[in-house]
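Structure below is work-v2.cif: mmCIF, C-alpha atoms.
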```
data_data
#
loop_
_atom_site.label_atom_id
_atom_site.label_comp_id
_atom_site.auth_asym_id
_atom_site.auth_seq_id
_atom_site.Cartn_x
_atom_site.Cartn_y
_atom_site.Cartn_z
CA MET U 5 -135.69 118.14 54.13
CA THR U 6 -133.98 121.35 55.15
CA VAL U 7 -130.62 122.31 53.72
CA LEU U 8 -127.94 124.63 55.06
CA HIS U 9 -126.07 126.28 52.19
CA THR U 10 -122.67 127.79 52.90
CA VAL U 11 -120.97 130.28 50.57
CA ASN U 12 -117.31 131.14 51.12
CA LYS U 13 -116.44 133.20 48.03
CA SER U 14 -116.70 136.93 47.43
CA PRO U 15 -119.82 137.72 45.36
CA PHE U 16 -117.72 140.18 43.35
CA GLU U 17 -115.19 137.59 42.26
CA LYS U 18 -117.14 134.34 41.90
CA ASP U 19 -120.71 133.39 41.08
CA SER U 20 -120.97 131.00 44.04
CA LEU U 21 -123.60 133.09 45.84
CA ASP U 22 -125.72 133.64 42.73
CA THR U 23 -125.59 129.94 41.89
CA CYS U 24 -126.49 129.07 45.46
CA ILE U 25 -129.45 131.46 45.49
CA ALA U 26 -130.63 130.15 42.12
CA HIS U 27 -130.63 126.55 43.28
CA ALA U 28 -131.68 126.77 46.92
CA LEU U 29 -135.32 126.02 47.69
CA ASP U 30 -137.56 128.43 49.56
CA GLY U 31 -137.13 128.08 53.29
CA SER U 32 -133.48 127.10 53.01
CA THR U 33 -130.78 128.67 55.12
CA VAL U 34 -127.74 130.42 53.64
CA LEU U 35 -124.70 130.95 55.84
CA LEU U 36 -122.06 133.33 54.49
CA ILE U 37 -118.53 132.49 55.65
CA GLU U 38 -114.96 133.58 54.81
CA ASP U 39 -114.98 135.98 51.81
CA GLY U 40 -118.68 135.19 51.38
CA VAL U 41 -119.45 137.63 54.19
CA TYR U 42 -118.80 140.60 51.89
CA ALA U 43 -122.23 139.88 50.38
CA ALA U 44 -123.84 140.79 53.71
CA THR U 45 -122.75 144.43 53.72
CA ARG U 46 -125.05 147.31 52.88
CA GLY U 47 -124.63 149.62 49.92
CA THR U 48 -123.04 147.14 47.52
CA VAL U 49 -124.16 146.27 44.01
CA VAL U 50 -124.94 142.79 45.38
CA GLU U 51 -127.29 144.00 48.11
CA PRO U 52 -130.48 143.99 45.99
CA ARG U 53 -129.90 140.35 45.04
CA VAL U 54 -129.31 139.38 48.66
CA ARG U 55 -132.40 141.28 49.84
CA ASP U 56 -134.44 139.57 47.15
CA ALA U 57 -133.19 136.15 48.23
CA MET U 58 -133.90 137.02 51.87
CA GLN U 59 -137.61 137.04 50.98
CA ARG U 60 -137.37 133.29 50.47
CA MET U 61 -134.44 132.14 52.61
CA ASN U 62 -132.85 132.76 55.99
CA PHE U 63 -129.47 134.44 55.83
CA TYR U 64 -126.69 134.30 58.39
CA VAL U 65 -123.07 135.46 58.53
CA LEU U 66 -120.20 134.07 60.53
CA ALA U 67 -119.43 137.01 62.82
CA ASN U 68 -115.81 135.94 63.29
CA ASP U 69 -115.17 136.29 59.55
CA CYS U 70 -116.86 139.71 59.48
CA LYS U 71 -114.67 140.91 62.32
CA ALA U 72 -111.53 139.66 60.59
CA ARG U 73 -112.44 141.71 57.50
CA GLY U 74 -113.30 144.89 59.37
CA LEU U 75 -117.04 144.55 58.71
CA GLY U 76 -118.81 145.82 61.81
CA GLU U 77 -122.30 144.73 62.81
CA ASP U 78 -123.56 148.19 61.80
CA THR U 79 -122.44 147.63 58.19
CA LEU U 80 -124.59 144.53 57.65
CA ILE U 81 -127.94 144.31 55.90
CA ASP U 82 -130.79 144.33 58.45
CA GLY U 83 -132.28 140.89 58.93
CA ILE U 84 -129.12 138.87 58.42
CA GLY U 85 -128.40 136.82 61.51
CA ARG U 86 -124.94 136.72 63.07
CA VAL U 87 -123.53 133.49 64.46
CA ASP U 88 -120.22 132.51 66.03
CA TYR U 89 -118.53 129.12 65.57
CA GLY U 90 -120.92 127.57 68.09
CA GLY U 91 -123.84 128.98 66.14
CA PHE U 92 -122.35 127.54 62.95
CA VAL U 93 -122.40 124.09 64.58
CA ASP U 94 -125.98 124.63 65.72
CA LEU U 95 -127.02 125.50 62.16
CA VAL U 96 -125.31 122.37 60.84
CA THR U 97 -126.96 120.10 63.37
CA GLY U 98 -130.30 121.87 62.88
CA HIS U 99 -130.47 121.01 59.19
CA ASP U 100 -130.68 117.69 57.39
CA SER U 101 -127.68 118.38 55.18
CA VAL U 102 -125.08 120.97 54.24
CA GLN U 103 -124.27 122.16 50.73
CA SER U 104 -120.98 124.04 50.39
CA TRP U 105 -120.90 126.41 47.42
CA LEU U 106 -117.16 126.83 46.95
CA MET Y 30 -76.50 144.73 42.16
CA SER Y 31 -75.63 147.08 39.35
CA ALA Y 32 -77.35 150.44 39.36
CA GLY Y 33 -79.54 150.12 36.29
CA PRO Y 34 -82.12 152.67 35.25
CA ARG Y 35 -84.81 153.36 37.81
CA LYS Y 36 -87.99 151.67 36.69
CA LYS Y 37 -91.60 152.48 37.31
CA LEU Y 38 -93.16 149.50 39.06
CA MET Y 39 -96.80 149.05 39.96
CA TYR Y 40 -98.17 146.36 42.23
CA LEU Y 41 -101.79 145.83 41.19
CA ASN Y 42 -103.86 144.20 43.95
CA ARG Y 43 -107.17 142.64 42.93
CA ARG Y 44 -107.97 140.13 45.71
CA ALA Y 45 -109.59 140.30 49.11
CA PRO Y 46 -107.17 140.01 52.06
CA GLY Y 47 -108.44 136.62 53.18
CA GLY Y 48 -109.44 133.51 51.30
CA THR Y 49 -106.28 133.29 49.22
CA ILE Y 50 -102.61 134.10 49.80
CA TYR Y 51 -102.44 136.59 46.92
CA ALA Y 52 -102.82 139.67 49.13
CA VAL Y 53 -100.33 138.72 51.81
CA GLU Y 54 -97.78 137.40 49.31
CA GLY Y 55 -98.21 140.49 47.16
CA LEU Y 56 -97.51 142.73 50.13
CA GLU Y 57 -94.39 140.67 50.92
CA VAL Y 58 -93.12 141.24 47.38
CA VAL Y 59 -93.72 144.97 47.65
CA LEU Y 60 -91.79 145.22 50.91
CA ILE Y 61 -88.93 143.14 49.53
CA GLY Y 62 -88.86 145.08 46.26
CA ALA Y 63 -88.83 148.39 48.13
CA ALA Y 64 -85.21 147.71 49.06
CA PHE Y 65 -84.12 148.11 45.42
CA ASP Y 66 -84.79 151.84 45.13
CA GLN Y 67 -87.24 151.77 42.26
CA ASP Y 68 -90.20 154.04 41.51
CA VAL Y 69 -92.89 151.98 43.21
CA CYS Y 70 -96.63 152.48 43.49
CA MET Y 71 -99.54 150.23 44.35
CA ALA Y 72 -103.06 150.03 42.96
CA PHE Y 73 -106.14 148.48 44.54
CA VAL Y 74 -108.90 147.29 42.22
CA GLY Y 75 -111.95 145.08 42.68
CA ASP Y 76 -111.86 143.09 45.90
CA GLY Y 77 -108.32 144.41 46.35
CA VAL Y 78 -109.81 147.51 47.98
CA TYR Y 79 -110.84 145.29 50.91
CA GLN Y 80 -107.14 144.88 51.73
CA LEU Y 81 -107.15 148.46 52.98
CA LYS Y 82 -110.39 148.18 55.01
CA ALA Y 83 -110.03 149.71 58.45
CA GLY Y 84 -110.76 147.70 61.56
CA GLN Y 85 -109.63 144.25 60.42
CA ASP Y 86 -109.35 142.12 63.56
CA THR Y 87 -108.57 138.42 63.23
CA SER Y 88 -108.40 137.75 66.98
CA ASP Y 89 -111.49 135.53 66.73
CA SER Y 90 -110.40 133.76 63.55
CA GLY Y 91 -107.12 132.07 64.40
CA VAL Y 92 -105.31 133.60 61.43
CA LYS Y 93 -102.68 136.32 61.34
CA ASN Y 94 -103.85 139.88 60.74
CA PHE Y 95 -101.35 141.32 58.27
CA SER Y 96 -103.26 144.56 57.63
CA PRO Y 97 -101.07 146.59 60.06
CA ALA Y 98 -98.15 145.89 57.72
CA TYR Y 99 -99.65 148.30 55.17
CA ARG Y 100 -98.80 151.08 57.62
CA ALA Y 101 -95.10 150.26 57.13
CA LEU Y 102 -95.23 151.02 53.40
CA GLY Y 103 -94.64 154.74 53.94
CA ASP Y 104 -91.35 153.99 55.71
CA TYR Y 105 -90.25 152.07 52.60
CA ASP Y 106 -91.00 155.02 50.30
CA VAL Y 107 -94.08 153.27 48.95
CA ASN Y 108 -96.35 156.24 49.36
CA ARG Y 109 -98.61 156.21 46.32
CA LEU Y 110 -101.50 153.84 46.84
CA TYR Y 111 -104.11 154.32 44.13
CA VAL Y 112 -107.57 153.04 45.03
CA GLU Y 113 -110.15 152.77 42.28
CA ARG Y 114 -113.26 154.82 43.02
CA GLU Y 115 -115.64 152.54 41.11
CA SER Y 116 -114.41 149.50 43.06
CA LEU Y 117 -115.11 151.28 46.35
CA GLU Y 118 -118.56 152.38 45.22
CA GLU Y 119 -119.56 148.91 44.01
CA ARG Y 120 -118.78 147.68 47.53
CA GLY Y 121 -120.58 150.46 49.39
CA LEU Y 122 -117.27 151.84 50.63
CA GLY Y 123 -115.70 155.29 50.77
CA VAL Y 124 -112.19 156.43 51.56
CA ASP Y 125 -113.27 156.94 55.17
CA ASP Y 126 -113.76 153.18 55.47
CA LEU Y 127 -110.07 152.59 54.70
CA MET Y 128 -107.04 152.65 56.98
CA PRO Y 129 -105.66 156.21 57.22
CA LEU Y 130 -102.27 155.40 55.70
CA THR Y 131 -99.70 158.20 55.65
CA TRP Y 132 -96.05 158.87 54.88
CA GLU Y 133 -93.59 161.52 56.03
CA ASP Y 134 -92.17 163.79 53.29
CA GLU Y 135 -88.52 164.49 54.11
CA ASP Y 136 -88.47 167.22 51.44
CA ASP Y 137 -91.28 169.04 53.26
CA ASP Y 138 -90.06 169.09 56.88
CA TRP Y 139 -91.32 165.54 57.40
CA ALA Y 140 -94.91 166.59 56.91
CA GLU Y 141 -97.32 163.68 57.26
CA LYS Y 142 -99.21 163.17 54.03
CA PRO Y 143 -101.88 160.70 52.95
CA SER Y 144 -100.67 157.72 50.92
CA ILE Y 145 -104.10 156.75 49.60
CA HIS Y 146 -105.29 158.44 46.43
CA VAL Y 147 -108.74 157.62 45.12
CA VAL Y 148 -108.69 157.63 41.32
CA ASP Y 149 -111.33 156.75 38.79
CA ARG Y 150 -111.05 153.81 36.43
CA ALA Y 151 -109.98 155.84 33.41
CA GLU Y 152 -107.22 157.53 35.39
CA LEU Y 153 -106.03 154.21 36.74
CA ALA Y 154 -105.89 152.83 33.22
CA ARG Y 155 -103.55 155.67 32.27
CA LEU Y 156 -101.41 155.03 35.35
CA ILE Y 157 -101.11 151.34 34.48
CA ASP Y 158 -100.13 152.26 30.95
CA ALA Y 159 -97.36 154.54 32.25
CA GLN Y 160 -95.56 151.76 34.15
CA ASP Y 161 -92.50 149.84 33.02
CA VAL Y 162 -93.66 146.74 34.91
CA VAL Y 163 -96.98 145.81 36.50
CA PHE Y 164 -97.09 142.97 39.02
CA ASN Y 165 -100.60 141.60 39.14
CA PHE Y 166 -101.77 139.92 42.34
#
```
Would you mind writing the structure in this file as structure tokens?
Amino acid sequence: MTVLHTVNKSPFEKDSLDTCIAHALDGSTVLLIEDGVYAATRGTVVEPRVRDAMQRMNFYVLANDCKARGLGEDTLIDGIGRVDYGGFVDLVTGHDSVQSWL
Amino acid sequence: MSAGPRKKLMYLNRRAPGGTIYAVEGLEVVLIGAAFDQDVCMAFVGDGVYQLKAGQDTSDSGVKNFSPAYRALGDYDVNRLYVERESLEERGLGVDDLMPLTWEDEDDDWAEKPSIHVVDRAELARLIDAQDVVFNF
């Protein structure tokens, strides 16, 4: 069973991302949306934790939410995939279930 | 409204621009309060620094982009925006990543001056302590 985990909270304000990473199995997919996309930027105190999790899981960001927050593609950690709303739907349909870490 | 003593007011912004309505509502309060001729400043701490991020573009998100409204603050004599250095650094940001907000100093031949001042945490603590009222958003 493959699970798509979505995280929509800032990693600096809530522990949603850390809890997600701690409870997601290897091979899972993590999609960062809304304020969750801040975790995908380079040079933050969160970056080492994200890079570590990327060894075990596939990470994506919702590009629309990055654009809204002024986070250009060049500011993101290498290896994090970018999807639009259509790609979000494809990820949902491509997994057996979705866990939303609010 | 009676002309009471001029008070030192700080609007302390701690939240990211999206996700909640704190940032947009806080900015509304600042712009409304600016009409009352008080000594107003703003501070940006934690995720609040993201409110000033340059290049915010919500055209693909279906929500209103209110970040251009920060550029109006200078016209309302809100021209001291203190941004905490540690909060920027924790987020991999520098002052160059923020909107270049300015104000025109009528006492200096309308010279255009920067509104954003990066201050460290200890200095911000002293600034907070010096206020009469701090509105925390």
Discussion item. Select, as a VMD selection string, those residues of chain U with any atom no more than 6 Å from chain Y (distances computed using all atoms listed in the file).
Written reply: chain U and resid 47 to 49 68 71 to 74
Practice prompt. Show which residues sit within 10 Å of region 20-26 of chain U, as JSON, numbers by chain. Count only C-alpha atoms, and ignore same-chain residues fewer than 4 positions away.
Written response: {"U": [9, 10, 11, 12, 13, 14, 15, 16, 30, 32, 34, 36, 40, 43, 50, 53, 54, 56, 57, 58, 60, 61, 103, 104, 105, 106]}
How about saving the chosen residues, C-alpha atoms kept, as a short mmCIF file (atom, residue, chain, number, x, y, z; two decimals), in the coordinates of the input?
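That gives us part.cif:
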```cif
data_model
loop_
_atom_site.label_atom_id
_atom_site.label_comp_id
_atom_site.auth_asym_id
_atom_site.auth_seq_id
_atom_site.Cartn_x
_atom_site.Cartn_y
_atom_site.Cartn_z
CA HIS U 9 -126.07 126.28 52.19
CA THR U 10 -122.67 127.79 52.90
CA VAL U 11 -120.97 130.28 50.57
CA ASN U 12 -117.31 131.14 51.12
CA LYS U 13 -116.44 133.20 48.03
CA SER U 14 -116.70 136.93 47.43
CA PRO U 15 -119.82 137.72 45.36
CA PHE U 16 -117.72 140.18 43.35
CA ASP U 30 -137.56 128.43 49.56
CA SER U 32 -133.48 127.10 53.01
CA VAL U 34 -127.74 130.42 53.64
CA LEU U 36 -122.06 133.33 54.49
CA GLY U 40 -118.68 135.19 51.38
CA ALA U 43 -122.23 139.88 50.38
CA VAL U 50 -124.94 142.79 45.38
CA ARG U 53 -129.90 140.35 45.04
CA VAL U 54 -129.31 139.38 48.66
CA ASP U 56 -134.44 139.57 47.15
CA ALA U 57 -133.19 136.15 48.23
CA MET U 58 -133.90 137.02 51.87
CA ARG U 60 -137.37 133.29 50.47
CA MET U 61 -134.44 132.14 52.61
CA GLN U 103 -124.27 122.16 50.73
CA SER U 104 -120.98 124.04 50.39
CA TRP U 105 -120.90 126.41 47.42
CA LEU U 106 -117.16 126.83 46.95
#
```
Item to complete: Anything within 12 Å of (-84.5, 146.2, 46.1): list those residues as a ChimeraX atom specification, counting all atoms listed in the file and sticking to the file's coordinates.
Response: /Y:30-33,35-36,38,58-69,105-106
Practice prompt. Taking the file as shown, find all residues satisfying the PyMOL selection byres ((chain Y and resi 144-150) around 8) and write them as a PyMOL selection string.
Written response: chain Y and resi 103+108-115+124+129-132+142-143+151-154
Item to complete: For a cut-off of 9 Å around (-94.8, 147.5, 32.9), file coordinates, pick out all residues using only C-alpha atoms and list them as a PyMOL selection string.
Response: chain Y and resi 36-39+157-164
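Nearest-residue note for Phe92 (chain U): choosing from U:Leu35, U:Thr6, U:Thr79, U:Ala44, the minimum distance belongs to U:Leu35, counting all atoms listed in the file.
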Item to complete: Figure out the distance between CA of Arg55 (chain U) and CA of Leu8 (chain U), please, to one decimal in Å.
Response: 18.0 Å
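In this model, the gap between CA of Val53 (chain Y) and CA of Tyr40 (chain Y) comes to 12.4 Å.
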Item to complete: Could you jot down the CA of Gly85 (chain U) to CA of His27 (chain U) separation for me, Å, one decimal place?
Response: 21.0 Å
Would you place a box with edges along x, y and z of the file around all atoms of region 79-97 of chain Y listed there, add 5 Å to each of its six sides, and report the centre and edge lengths in Å to one decimal, as JSON?
```
{"center_x": -106.3, "center_y": 140.9, "center_z": 58.9, "size_x": 20.4, "size_y": 27.6, "size_z": 26.1}
```
Worksheet item: Which of these residues is nearest to Trp139 (chain Y), using all atoms listed in the file: Y:Met71, Y:Asp104, Y:Leu156, Y:Phe166?
Response: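 Of Y:Met71, Y:Asp104, Y:Leu156, Y:Phe166, the one nearest Trp139 (chain Y) is Y:Asp104, counting all atoms listed in the file.
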Fill in: Nearest to Ile37 (chain U) by atom-to-atom distance, counting only C-alpha atoms, from U:Glu77, U:Asp88, U:Asp19, U:Glu51
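The answer is U:Asp88, which sits nearest to Ile37 (chain U).
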